[in-house]
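**Student:** So that you have it, the file is final_22.txt, and it contains compact mmCIF, N, CA and C atoms:
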```
# COMPACT_ATOMS: atom_id res chain seq x y z
N MET A 171 4.40 22.94 11.81
CA MET A 171 3.38 22.21 11.11
C MET A 171 3.73 20.73 11.15
N ALA A 172 2.73 19.88 11.38
CA ALA A 172 2.95 18.44 11.47
C ALA A 172 3.27 17.85 10.10
N GLU A 173 4.13 16.84 10.12
CA GLU A 173 4.47 16.16 8.89
C GLU A 173 3.33 15.24 8.49
N VAL A 174 2.96 15.27 7.26
CA VAL A 174 1.88 14.44 6.75
C VAL A 174 2.47 13.25 6.02
N ALA A 175 1.90 12.07 6.30
CA ALA A 175 2.38 10.88 5.61
C ALA A 175 2.13 11.02 4.12
N SER A 176 3.11 10.64 3.36
CA SER A 176 3.02 10.77 1.92
C SER A 176 3.39 9.46 1.25
N PRO A 177 2.65 9.06 0.23
CA PRO A 177 3.00 7.82 -0.46
C PRO A 177 4.38 7.88 -1.10
N THR A 178 4.90 9.07 -1.32
CA THR A 178 6.21 9.18 -1.95
C THR A 178 7.33 9.23 -0.92
N ARG A 179 6.99 9.36 0.37
CA ARG A 179 8.01 9.40 1.41
C ARG A 179 8.59 8.00 1.59
N PRO A 180 9.92 7.86 1.64
CA PRO A 180 10.54 6.55 1.78
C PRO A 180 10.02 5.82 3.02
N GLY A 181 9.73 4.53 2.86
CA GLY A 181 9.28 3.72 3.97
C GLY A 181 7.80 3.77 4.25
N HIS A 182 7.09 4.74 3.67
CA HIS A 182 5.66 4.89 3.97
C HIS A 182 4.87 3.64 3.56
N SER A 183 5.11 3.15 2.38
CA SER A 183 4.35 2.02 1.86
C SER A 183 4.57 0.78 2.72
N LYS A 184 5.81 0.53 3.15
CA LYS A 184 6.11 -0.64 3.97
C LYS A 184 5.40 -0.53 5.31
N ARG A 185 5.39 0.66 5.93
CA ARG A 185 4.70 0.84 7.21
C ARG A 185 3.20 0.61 7.05
N ALA A 186 2.62 1.16 5.99
CA ALA A 186 1.18 0.99 5.76
C ALA A 186 0.85 -0.48 5.55
N THR A 187 1.69 -1.19 4.83
CA THR A 187 1.47 -2.62 4.57
C THR A 187 1.55 -3.40 5.87
N ARG A 188 2.52 -3.09 6.70
CA ARG A 188 2.67 -3.80 7.98
C ARG A 188 1.52 -3.47 8.93
N THR A 189 1.05 -2.24 8.90
CA THR A 189 -0.10 -1.86 9.72
C THR A 189 -1.33 -2.68 9.33
N LYS A 190 -1.56 -2.82 8.03
CA LYS A 190 -2.69 -3.63 7.55
C LYS A 190 -2.50 -5.10 7.94
N ALA A 191 -1.28 -5.58 7.87
CA ALA A 191 -1.00 -6.97 8.23
C ALA A 191 -1.26 -7.19 9.72
N ARG A 192 -0.89 -6.23 10.54
CA ARG A 192 -1.16 -6.33 11.98
C ARG A 192 -2.67 -6.35 12.24
N LYS A 193 -3.39 -5.50 11.57
CA LYS A 193 -4.85 -5.45 11.73
C LYS A 193 -5.46 -6.79 11.36
N ARG A 194 -4.99 -7.38 10.28
CA ARG A 194 -5.50 -8.68 9.84
C ARG A 194 -5.16 -9.76 10.87
N ALA A 195 -3.98 -9.70 11.46
CA ALA A 195 -3.61 -10.67 12.49
C ALA A 195 -4.54 -10.54 13.70
N VAL A 196 -4.84 -9.32 14.10
CA VAL A 196 -5.76 -9.10 15.21
C VAL A 196 -7.14 -9.64 14.85
N ASP A 197 -7.58 -9.41 13.62
CA ASP A 197 -8.88 -9.95 13.18
C ASP A 197 -8.91 -11.46 13.32
N ILE A 198 -7.85 -12.13 12.91
CA ILE A 198 -7.79 -13.60 12.97
C ILE A 198 -7.78 -14.07 14.42
N LEU A 199 -6.99 -13.41 15.27
CA LEU A 199 -6.94 -13.79 16.68
C LEU A 199 -8.29 -13.57 17.35
N PHE A 200 -8.92 -12.43 17.06
CA PHE A 200 -10.22 -12.11 17.63
C PHE A 200 -11.28 -13.12 17.19
N GLU A 201 -11.34 -13.37 15.90
CA GLU A 201 -12.31 -14.33 15.36
C GLU A 201 -12.12 -15.71 15.98
N SER A 202 -10.88 -16.13 16.10
CA SER A 202 -10.58 -17.45 16.66
C SER A 202 -11.08 -17.56 18.09
N GLU A 203 -10.80 -16.55 18.88
CA GLU A 203 -11.23 -16.59 20.28
C GLU A 203 -12.75 -16.53 20.39
N LEU A 204 -13.36 -15.68 19.60
CA LEU A 204 -14.82 -15.54 19.63
C LEU A 204 -15.51 -16.86 19.28
N ARG A 205 -14.95 -17.59 18.32
CA ARG A 205 -15.55 -18.85 17.87
C ARG A 205 -15.02 -20.07 18.62
N GLY A 206 -14.04 -19.86 19.50
CA GLY A 206 -13.46 -20.97 20.23
C GLY A 206 -12.63 -21.89 19.35
N LEU A 207 -11.97 -21.30 18.35
CA LEU A 207 -11.16 -22.07 17.41
C LEU A 207 -9.67 -21.80 17.61
N ASP A 208 -8.87 -22.70 17.11
CA ASP A 208 -7.43 -22.52 17.12
C ASP A 208 -7.07 -21.42 16.10
N PRO A 209 -6.27 -20.44 16.50
CA PRO A 209 -5.90 -19.37 15.55
C PRO A 209 -5.22 -19.88 14.28
N LEU A 210 -4.47 -20.96 14.39
CA LEU A 210 -3.80 -21.50 13.19
C LEU A 210 -4.82 -22.07 12.21
N SER A 211 -5.89 -22.66 12.72
CA SER A 211 -6.96 -23.14 11.84
C SER A 211 -7.64 -21.98 11.14
N THR A 212 -7.93 -20.93 11.90
CA THR A 212 -8.55 -19.75 11.31
C THR A 212 -7.62 -19.13 10.27
N LEU A 213 -6.33 -19.06 10.58
CA LEU A 213 -5.36 -18.54 9.63
C LEU A 213 -5.38 -19.37 8.35
N ASN A 214 -5.42 -20.68 8.47
CA ASN A 214 -5.44 -21.54 7.28
C ASN A 214 -6.69 -21.28 6.44
N VAL A 215 -7.84 -21.16 7.08
CA VAL A 215 -9.08 -20.89 6.35
C VAL A 215 -9.00 -19.53 5.66
N ARG A 216 -8.54 -18.52 6.38
CA ARG A 216 -8.44 -17.18 5.80
C ARG A 216 -7.41 -17.15 4.66
N THR A 217 -6.36 -17.94 4.77
CA THR A 217 -5.36 -18.01 3.70
C THR A 217 -5.95 -18.68 2.47
N GLU A 218 -6.75 -19.72 2.68
CA GLU A 218 -7.40 -20.40 1.54
C GLU A 218 -8.41 -19.48 0.87
N ASP A 219 -9.19 -18.75 1.69
CA ASP A 219 -10.16 -17.80 1.13
C ASP A 219 -9.44 -16.71 0.35
N ALA A 220 -8.37 -16.22 0.94
CA ALA A 220 -7.45 -15.26 0.31
C ALA A 220 -8.11 -14.07 -0.37
N ASP A 221 -9.15 -13.53 0.25
CA ASP A 221 -9.75 -12.32 -0.30
C ASP A 221 -10.06 -11.35 0.83
N PRO A 222 -9.21 -10.38 1.10
CA PRO A 222 -7.94 -10.11 0.43
C PRO A 222 -6.88 -11.12 0.87
N PRO A 223 -5.81 -11.23 0.11
CA PRO A 223 -4.77 -12.20 0.45
C PRO A 223 -4.19 -11.95 1.85
N VAL A 224 -3.84 -13.02 2.52
CA VAL A 224 -3.20 -12.91 3.82
C VAL A 224 -1.72 -12.67 3.60
N ARG A 225 -1.22 -11.56 4.09
CA ARG A 225 0.20 -11.24 3.93
C ARG A 225 1.06 -12.18 4.78
N GLU A 226 2.27 -12.40 4.34
CA GLU A 226 3.20 -13.26 5.07
C GLU A 226 3.46 -12.72 6.47
N PHE A 227 3.53 -11.41 6.62
CA PHE A 227 3.76 -10.81 7.94
C PHE A 227 2.59 -11.15 8.87
N THR A 228 1.37 -11.15 8.36
CA THR A 228 0.20 -11.54 9.17
C THR A 228 0.36 -12.97 9.64
N ALA A 229 0.68 -13.87 8.71
CA ALA A 229 0.84 -15.28 9.06
C ALA A 229 1.96 -15.47 10.07
N ASP A 230 3.07 -14.76 9.89
CA ASP A 230 4.19 -14.85 10.84
C ASP A 230 3.76 -14.42 12.23
N LEU A 231 2.98 -13.33 12.31
CA LEU A 231 2.50 -12.86 13.61
C LEU A 231 1.61 -13.90 14.28
N VAL A 232 0.64 -14.41 13.56
CA VAL A 232 -0.29 -15.39 14.15
C VAL A 232 0.47 -16.64 14.58
N ARG A 233 1.35 -17.14 13.73
CA ARG A 233 2.12 -18.35 14.09
C ARG A 233 3.00 -18.10 15.32
N GLY A 234 3.67 -16.95 15.34
CA GLY A 234 4.54 -16.63 16.47
C GLY A 234 3.78 -16.48 17.77
N ILE A 235 2.63 -15.84 17.70
CA ILE A 235 1.80 -15.67 18.90
C ILE A 235 1.36 -17.05 19.41
N CYS A 236 0.95 -17.92 18.51
CA CYS A 236 0.54 -19.27 18.91
C CYS A 236 1.70 -20.05 19.53
N GLU A 237 2.86 -19.93 18.93
CA GLU A 237 4.04 -20.66 19.42
C GLU A 237 4.46 -20.20 20.81
N HIS A 238 4.32 -18.93 21.11
CA HIS A 238 4.79 -18.35 22.38
C HIS A 238 3.65 -17.91 23.30
N ARG A 239 2.46 -18.39 23.04
CA ARG A 239 1.26 -17.91 23.75
C ARG A 239 1.35 -17.99 25.26
N VAL A 240 1.85 -19.09 25.79
CA VAL A 240 1.93 -19.25 27.25
C VAL A 240 2.81 -18.16 27.85
N GLU A 241 3.98 -17.96 27.26
CA GLU A 241 4.90 -16.94 27.77
C GLU A 241 4.34 -15.54 27.56
N ILE A 242 3.72 -15.29 26.42
CA ILE A 242 3.11 -13.98 26.15
C ILE A 242 2.04 -13.67 27.20
N ASP A 243 1.15 -14.63 27.44
CA ASP A 243 0.08 -14.42 28.42
C ASP A 243 0.64 -14.24 29.82
N ARG A 244 1.70 -14.97 30.14
CA ARG A 244 2.33 -14.80 31.45
C ARG A 244 2.86 -13.38 31.61
N ARG A 245 3.54 -12.89 30.57
CA ARG A 245 4.11 -11.55 30.64
C ARG A 245 3.01 -10.49 30.76
N ILE A 246 1.95 -10.64 30.01
CA ILE A 246 0.84 -9.68 30.11
C ILE A 246 0.25 -9.74 31.52
N GLY A 247 -0.03 -10.95 32.00
CA GLY A 247 -0.64 -11.12 33.31
C GLY A 247 0.17 -10.50 34.43
N GLU A 248 1.49 -10.56 34.33
CA GLU A 248 2.36 -9.98 35.36
C GLU A 248 2.28 -8.46 35.40
N HIS A 249 1.78 -7.85 34.35
CA HIS A 249 1.78 -6.39 34.26
C HIS A 249 0.38 -5.78 34.31
N LEU A 250 -0.59 -6.58 34.71
CA LEU A 250 -1.94 -6.06 34.86
C LEU A 250 -2.11 -5.48 36.26
N ALA A 251 -2.93 -4.46 36.37
CA ALA A 251 -3.22 -3.87 37.66
C ALA A 251 -3.94 -4.88 38.55
N SER A 252 -3.84 -4.69 39.83
CA SER A 252 -4.50 -5.56 40.79
C SER A 252 -5.98 -5.67 40.46
N GLY A 253 -6.48 -6.89 40.50
CA GLY A 253 -7.89 -7.12 40.21
C GLY A 253 -8.18 -7.42 38.75
N TRP A 254 -7.20 -7.23 37.89
CA TRP A 254 -7.38 -7.52 36.46
C TRP A 254 -6.78 -8.87 36.13
N THR A 255 -7.45 -9.59 35.28
CA THR A 255 -6.95 -10.86 34.77
C THR A 255 -7.05 -10.83 33.25
N LEU A 256 -6.34 -11.70 32.60
CA LEU A 256 -6.37 -11.75 31.14
C LEU A 256 -7.79 -11.96 30.60
N PRO A 257 -8.57 -12.88 31.17
CA PRO A 257 -9.93 -13.06 30.64
C PRO A 257 -10.84 -11.83 30.81
N ARG A 258 -10.51 -10.96 31.74
CA ARG A 258 -11.33 -9.76 31.98
C ARG A 258 -11.10 -8.69 30.91
N ILE A 259 -9.98 -8.75 30.23
CA ILE A 259 -9.64 -7.77 29.20
C ILE A 259 -10.52 -8.01 27.98
N PRO A 260 -11.06 -6.96 27.36
CA PRO A 260 -11.85 -7.17 26.13
C PRO A 260 -11.03 -7.94 25.08
N ARG A 261 -11.72 -8.79 24.32
CA ARG A 261 -11.04 -9.67 23.35
C ARG A 261 -10.11 -8.91 22.41
N VAL A 262 -10.57 -7.80 21.88
CA VAL A 262 -9.73 -7.08 20.91
C VAL A 262 -8.47 -6.55 21.60
N ASP A 263 -8.61 -6.02 22.81
CA ASP A 263 -7.44 -5.53 23.54
C ASP A 263 -6.47 -6.67 23.84
N ARG A 264 -7.03 -7.82 24.20
CA ARG A 264 -6.21 -8.99 24.49
C ARG A 264 -5.44 -9.42 23.25
N ALA A 265 -6.09 -9.44 22.10
CA ALA A 265 -5.43 -9.82 20.85
C ALA A 265 -4.31 -8.84 20.51
N VAL A 266 -4.58 -7.55 20.67
CA VAL A 266 -3.57 -6.53 20.37
C VAL A 266 -2.41 -6.63 21.35
N LEU A 267 -2.69 -6.83 22.63
CA LEU A 267 -1.61 -6.97 23.61
C LEU A 267 -0.74 -8.19 23.29
N ARG A 268 -1.37 -9.29 22.93
CA ARG A 268 -0.59 -10.49 22.59
C ARG A 268 0.32 -10.22 21.39
N MET A 269 -0.22 -9.55 20.40
CA MET A 269 0.58 -9.27 19.22
C MET A 269 1.76 -8.35 19.58
N ALA A 270 1.50 -7.30 20.33
CA ALA A 270 2.57 -6.36 20.68
C ALA A 270 3.64 -7.03 21.55
N VAL A 271 3.22 -7.82 22.53
CA VAL A 271 4.20 -8.50 23.38
C VAL A 271 5.02 -9.49 22.55
N TYR A 272 4.38 -10.17 21.61
CA TYR A 272 5.13 -11.05 20.71
C TYR A 272 6.17 -10.24 19.92
N GLU A 273 5.75 -9.13 19.34
CA GLU A 273 6.68 -8.31 18.56
C GLU A 273 7.83 -7.80 19.42
N ILE A 274 7.53 -7.39 20.65
CA ILE A 274 8.56 -6.87 21.56
C ILE A 274 9.55 -7.95 21.94
N GLY A 275 9.05 -9.14 22.23
CA GLY A 275 9.91 -10.19 22.76
C GLY A 275 10.56 -11.12 21.77
N TRP A 276 9.97 -11.24 20.57
CA TRP A 276 10.45 -12.28 19.66
C TRP A 276 10.72 -11.81 18.24
N THR A 277 10.67 -10.54 17.97
CA THR A 277 10.92 -10.07 16.61
C THR A 277 11.93 -8.93 16.63
N GLU A 278 12.31 -8.50 15.45
CA GLU A 278 13.23 -7.38 15.30
C GLU A 278 12.50 -6.03 15.24
N VAL A 279 11.19 -6.04 15.38
CA VAL A 279 10.42 -4.79 15.36
C VAL A 279 10.84 -3.96 16.58
N PRO A 280 11.20 -2.70 16.37
CA PRO A 280 11.56 -1.85 17.51
C PRO A 280 10.39 -1.79 18.50
N PRO A 281 10.68 -1.95 19.79
CA PRO A 281 9.61 -1.95 20.79
C PRO A 281 8.69 -0.73 20.72
N LYS A 282 9.25 0.44 20.47
CA LYS A 282 8.41 1.65 20.38
C LYS A 282 7.43 1.55 19.21
N VAL A 283 7.84 0.92 18.13
CA VAL A 283 6.95 0.73 16.98
C VAL A 283 5.83 -0.23 17.35
N ALA A 284 6.17 -1.32 18.02
CA ALA A 284 5.16 -2.30 18.44
C ALA A 284 4.12 -1.64 19.34
N VAL A 285 4.56 -0.82 20.27
CA VAL A 285 3.64 -0.14 21.19
C VAL A 285 2.78 0.86 20.42
N ALA A 286 3.40 1.67 19.58
CA ALA A 286 2.64 2.67 18.82
C ALA A 286 1.60 2.02 17.92
N GLU A 287 1.96 0.93 17.27
CA GLU A 287 1.02 0.22 16.41
C GLU A 287 -0.13 -0.36 17.24
N ALA A 288 0.18 -0.92 18.40
CA ALA A 288 -0.85 -1.49 19.27
C ALA A 288 -1.82 -0.41 19.74
N VAL A 289 -1.30 0.70 20.18
CA VAL A 289 -2.16 1.80 20.64
C VAL A 289 -3.02 2.30 19.49
N SER A 290 -2.45 2.44 18.32
CA SER A 290 -3.21 2.90 17.15
C SER A 290 -4.34 1.92 16.82
N LEU A 291 -4.06 0.64 16.88
CA LEU A 291 -5.09 -0.36 16.58
C LEU A 291 -6.26 -0.29 17.57
N VAL A 292 -5.97 -0.18 18.87
CA VAL A 292 -7.08 -0.13 19.82
C VAL A 292 -7.82 1.20 19.76
N GLU A 293 -7.13 2.25 19.32
CA GLU A 293 -7.85 3.53 19.10
C GLU A 293 -8.94 3.34 18.05
N ASP A 294 -8.64 2.55 17.03
CA ASP A 294 -9.59 2.31 15.94
C ASP A 294 -10.60 1.22 16.24
N LEU A 295 -10.22 0.23 17.04
CA LEU A 295 -11.03 -0.97 17.17
C LEU A 295 -11.72 -1.17 18.51
N SER A 296 -11.34 -0.42 19.53
CA SER A 296 -11.83 -0.74 20.86
C SER A 296 -12.44 0.47 21.55
N THR A 297 -12.46 0.44 22.87
CA THR A 297 -13.11 1.46 23.67
C THR A 297 -12.24 2.71 23.81
N ASP A 298 -12.84 3.76 24.31
CA ASP A 298 -12.10 5.01 24.53
C ASP A 298 -10.98 4.85 25.56
N ASP A 299 -11.17 3.94 26.51
CA ASP A 299 -10.17 3.72 27.56
C ASP A 299 -9.04 2.78 27.13
N SER A 300 -9.25 2.07 26.03
CA SER A 300 -8.28 1.04 25.62
C SER A 300 -6.89 1.57 25.28
N PRO A 301 -6.74 2.69 24.56
CA PRO A 301 -5.39 3.14 24.25
C PRO A 301 -4.53 3.38 25.50
N LYS A 302 -5.11 4.02 26.50
CA LYS A 302 -4.37 4.29 27.73
C LYS A 302 -4.03 2.98 28.45
N PHE A 303 -4.99 2.07 28.49
CA PHE A 303 -4.79 0.78 29.15
C PHE A 303 -3.68 -0.02 28.44
N VAL A 304 -3.78 -0.16 27.14
CA VAL A 304 -2.80 -0.93 26.37
C VAL A 304 -1.42 -0.29 26.47
N ASN A 305 -1.35 1.03 26.37
CA ASN A 305 -0.08 1.73 26.50
C ASN A 305 0.53 1.48 27.88
N GLY A 306 -0.29 1.50 28.92
CA GLY A 306 0.21 1.27 30.27
C GLY A 306 0.75 -0.12 30.46
N VAL A 307 0.03 -1.11 29.99
CA VAL A 307 0.49 -2.51 30.13
C VAL A 307 1.79 -2.70 29.35
N LEU A 308 1.81 -2.21 28.11
CA LEU A 308 3.01 -2.39 27.30
C LEU A 308 4.20 -1.60 27.85
N GLY A 309 3.94 -0.44 28.39
CA GLY A 309 5.01 0.32 29.03
C GLY A 309 5.61 -0.45 30.18
N SER A 310 4.77 -1.12 30.94
CA SER A 310 5.24 -1.94 32.04
C SER A 310 6.03 -3.15 31.54
N VAL A 311 5.54 -3.76 30.46
CA VAL A 311 6.27 -4.88 29.86
C VAL A 311 7.65 -4.42 29.39
N LEU A 312 7.71 -3.26 28.76
CA LEU A 312 9.00 -2.74 28.30
C LEU A 312 9.95 -2.47 29.46
N GLY A 313 9.40 -2.06 30.58
CA GLY A 313 10.21 -1.77 31.76
C GLY A 313 10.90 -3.00 32.34
N GLU A 314 10.39 -4.19 32.04
CA GLU A 314 10.99 -5.42 32.55
C GLU A 314 12.19 -5.85 31.75
N ASP A 315 12.26 -5.39 30.48
CA ASP A 315 13.34 -5.83 29.58
C ASP A 315 14.64 -5.13 29.87
```
Show how you would write the structure in this file as structure tokens.
**Tutor:**
Amino acid sequence: MAEVASPTRPGHSKRATRTKARKRAVDILFESELRGLDPLSTLNVRTEDADPPVREFTADLVRGICEHRVEIDRRIGEHLASGWTLPRIPRVDRAVLRMAVYEIGWTEVPPKVAVAEAVSLVEDLSTDDSPKFVNGVLGSVLGED
């Protein structure tokens, strides 16, 4: 029988909080790209609005992605199949890939957790083909490390 997540299980609350923070970071990145705005500006506006409050982990993710964006995009681009480019990837998938590559390369988050969270996010937010695509790109990124 599969184990069911329980609010009383140790670590459950922290994982759920980080999952929500990741989702919010993707929302900010997606909104910024859609509107042609700087993600840090969008983060500042969303932090001022603060409904719901922007978690520190969300802000750390957005700031880190912005700081390392050139390198993150380079790494993603190197692992795309022939004929694919970063602009061709759907916005939400691109935001999730950037976040996962940032977590893999610049944080203490275990790489398998970053990949699992990314795949879970695109399962909820994107196309039916996105989980397989995101998993494949991130698997390739992990193979380079």
**Student:** Considering all atoms listed in the file, state which residue in the set A:Gly253, A:Pro209, A:Arg268, A:Arg192 is at the smallest distance from Leu291 of chain A.
**Tutor:**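 Looking only at the distances to Leu291 of chain A, the closest residue turns out to be A:Arg192.
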**Student:** I'd like the interatomic distance between atom N of Glu201 of chain A and atom CA of Arg239 of chain A, to a tenth of an Å.
**Tutor:**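 Pair atom N of Glu201 of chain A / atom CA of Arg239 of chain A returns 15.5 Å.
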**Student:** So how many Å separate atom CA of Asp263 of chain A and atom CA of Thr217 of chain A, to one decimal?
**Tutor:** 23.5 Å
**Student:** Select, from A:Ser211, A:Leu312, A:Arg216, A:Arg185, the residue with the minimum atom-to-atom distance to Ile274 of chain A, counting all atoms listed in the file.
**Tutor:**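 For Ile274 of chain A, the nearest of the given residues is A:Leu312.
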**Student:** Report the distance between atom CA of Gly309 of chain A and atom N of Lys282 of chain A in Å, rounded to one decimal place.
**Tutor:**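 Computing it gives 9.6 Å between the two atoms.
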**Student:** Could you tell me which of A:Val279, A:Ala191, A:Val304, A:Ala251 comes closest to Val292 of chain A if we count only N, CA and C atoms?
**Tutor:**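 Under the stated criterion, the closest residue is A:Val304.
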**Student:** Which residue is closest to Leu199 of chain A? Choose from A:Arg245, A:Arg233, A:Ala265, A:Leu256 and count all atoms listed in the file.
**Tutor:**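 Smallest distance to Leu199 of chain A is found for A:Ala265.
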**Student:** As an MDAnalysis selection string, please: the residues near Val232 of chain A (cut-off 8 Å, all atoms listed in the file, same-chain neighbours under 5 positions excluded).
**Tutor:** chainID A and resid 194:196 198:199 209:210 213 226:227 237:238 269
**Student:** Within 10 Å of Leu295 of chain A, counting only C-alpha atoms, which residues show up once you throw out same-chain ones fewer than 2 positions away? Write them as a ChimeraX atom specification, please.
**Tutor:** /A:193,196,262-263,266,289-293,297-298,300-301
**Student:** Hey, which of A:Tyr272, A:Leu250, A:Leu204, A:Val307 ends up closest to Leu231 of chain A? Count only N, CA and C atoms.
**Tutor:**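 Residue with the minimum atom-to-atom distance to Leu231 of chain A: A:Tyr272.
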**Student:** Measuring atom to atom with only N, CA and C atoms, identify which of A:Ser296, A:Lys190, A:Pro257, A:Glu248 is nearest to Arg225 of chain A.
**Tutor:**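 Of A:Ser296, A:Lys190, A:Pro257, A:Glu248, the one nearest Arg225 of chain A is A:Lys190, counting only N, CA and C atoms.
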**Student:** I need segment 194-202 of chain A written out with all heavy atoms, as a short mmCIF file (atom, residue, chain, number, x, y, z; two decimals), in the first residue's frame; please produce it.
**Tutor:**
```cif
data_model
loop_
_atom_site.label_atom_id
_atom_site.label_comp_id
_atom_site.auth_asym_id
_atom_site.auth_seq_id
_atom_site.Cartn_x
_atom_site.Cartn_y
_atom_site.Cartn_z
N ARG A 194 4.71 29.69 -6.53
CA ARG A 194 4.62 31.16 -6.55
C ARG A 194 5.78 31.75 -7.35
O ARG A 194 5.60 32.72 -8.10
CB ARG A 194 4.62 31.70 -5.12
CG ARG A 194 4.31 33.17 -5.01
CD ARG A 194 2.82 33.43 -5.14
NE ARG A 194 2.46 34.84 -5.11
CZ ARG A 194 2.23 35.54 -4.01
NH1 ARG A 194 2.29 34.97 -2.83
NH2 ARG A 194 1.91 36.81 -4.10
N ALA A 195 6.97 31.17 -7.23
CA ALA A 195 8.11 31.65 -8.02
C ALA A 195 7.85 31.47 -9.51
O ALA A 195 8.12 32.37 -10.31
CB ALA A 195 9.39 30.93 -7.60
N VAL A 196 7.30 30.33 -9.88
CA VAL A 196 6.96 30.08 -11.29
C VAL A 196 5.91 31.09 -11.75
O VAL A 196 6.00 31.63 -12.85
CB VAL A 196 6.49 28.62 -11.50
CG1 VAL A 196 5.86 28.43 -12.87
CG2 VAL A 196 7.65 27.66 -11.31
N ASP A 197 4.92 31.36 -10.91
CA ASP A 197 3.90 32.35 -11.26
C ASP A 197 4.54 33.71 -11.54
O ASP A 197 4.17 34.39 -12.51
CB ASP A 197 2.88 32.51 -10.13
CG ASP A 197 1.97 31.31 -9.95
OD1 ASP A 197 1.91 30.44 -10.85
OD2 ASP A 197 1.33 31.23 -8.88
N ILE A 198 5.47 34.12 -10.71
CA ILE A 198 6.14 35.42 -10.88
C ILE A 198 6.98 35.43 -12.15
O ILE A 198 6.93 36.40 -12.93
CB ILE A 198 6.97 35.76 -9.63
CG1 ILE A 198 6.04 36.06 -8.45
CG2 ILE A 198 7.94 36.91 -9.89
CD1 ILE A 198 6.72 36.14 -7.10
N LEU A 199 7.72 34.36 -12.39
CA LEU A 199 8.54 34.29 -13.61
C LEU A 199 7.67 34.30 -14.86
O LEU A 199 7.97 34.99 -15.84
CB LEU A 199 9.41 33.03 -13.58
CG LEU A 199 10.47 32.97 -12.48
CD1 LEU A 199 11.09 31.58 -12.42
CD2 LEU A 199 11.54 34.03 -12.70
N PHE A 200 6.58 33.53 -14.82
CA PHE A 200 5.66 33.45 -15.95
C PHE A 200 5.02 34.82 -16.22
O PHE A 200 5.00 35.30 -17.35
CB PHE A 200 4.59 32.39 -15.67
CG PHE A 200 3.57 32.25 -16.78
CD1 PHE A 200 3.81 31.40 -17.85
CD2 PHE A 200 2.39 32.96 -16.75
CE1 PHE A 200 2.89 31.26 -18.87
CE2 PHE A 200 1.45 32.83 -17.76
CZ PHE A 200 1.71 31.99 -18.84
N GLU A 201 4.50 35.43 -15.18
CA GLU A 201 3.86 36.74 -15.32
C GLU A 201 4.84 37.76 -15.89
O GLU A 201 4.49 38.55 -16.77
CB GLU A 201 3.33 37.22 -13.97
CG GLU A 201 2.74 38.61 -14.02
CD GLU A 201 2.33 39.15 -12.67
OE1 GLU A 201 2.35 38.42 -11.66
OE2 GLU A 201 1.99 40.34 -12.62
N SER A 202 6.06 37.75 -15.39
CA SER A 202 7.06 38.71 -15.84
C SER A 202 7.34 38.54 -17.32
O SER A 202 7.39 39.53 -18.07
CB SER A 202 8.37 38.51 -15.06
OG SER A 202 8.15 38.74 -13.70
#
```
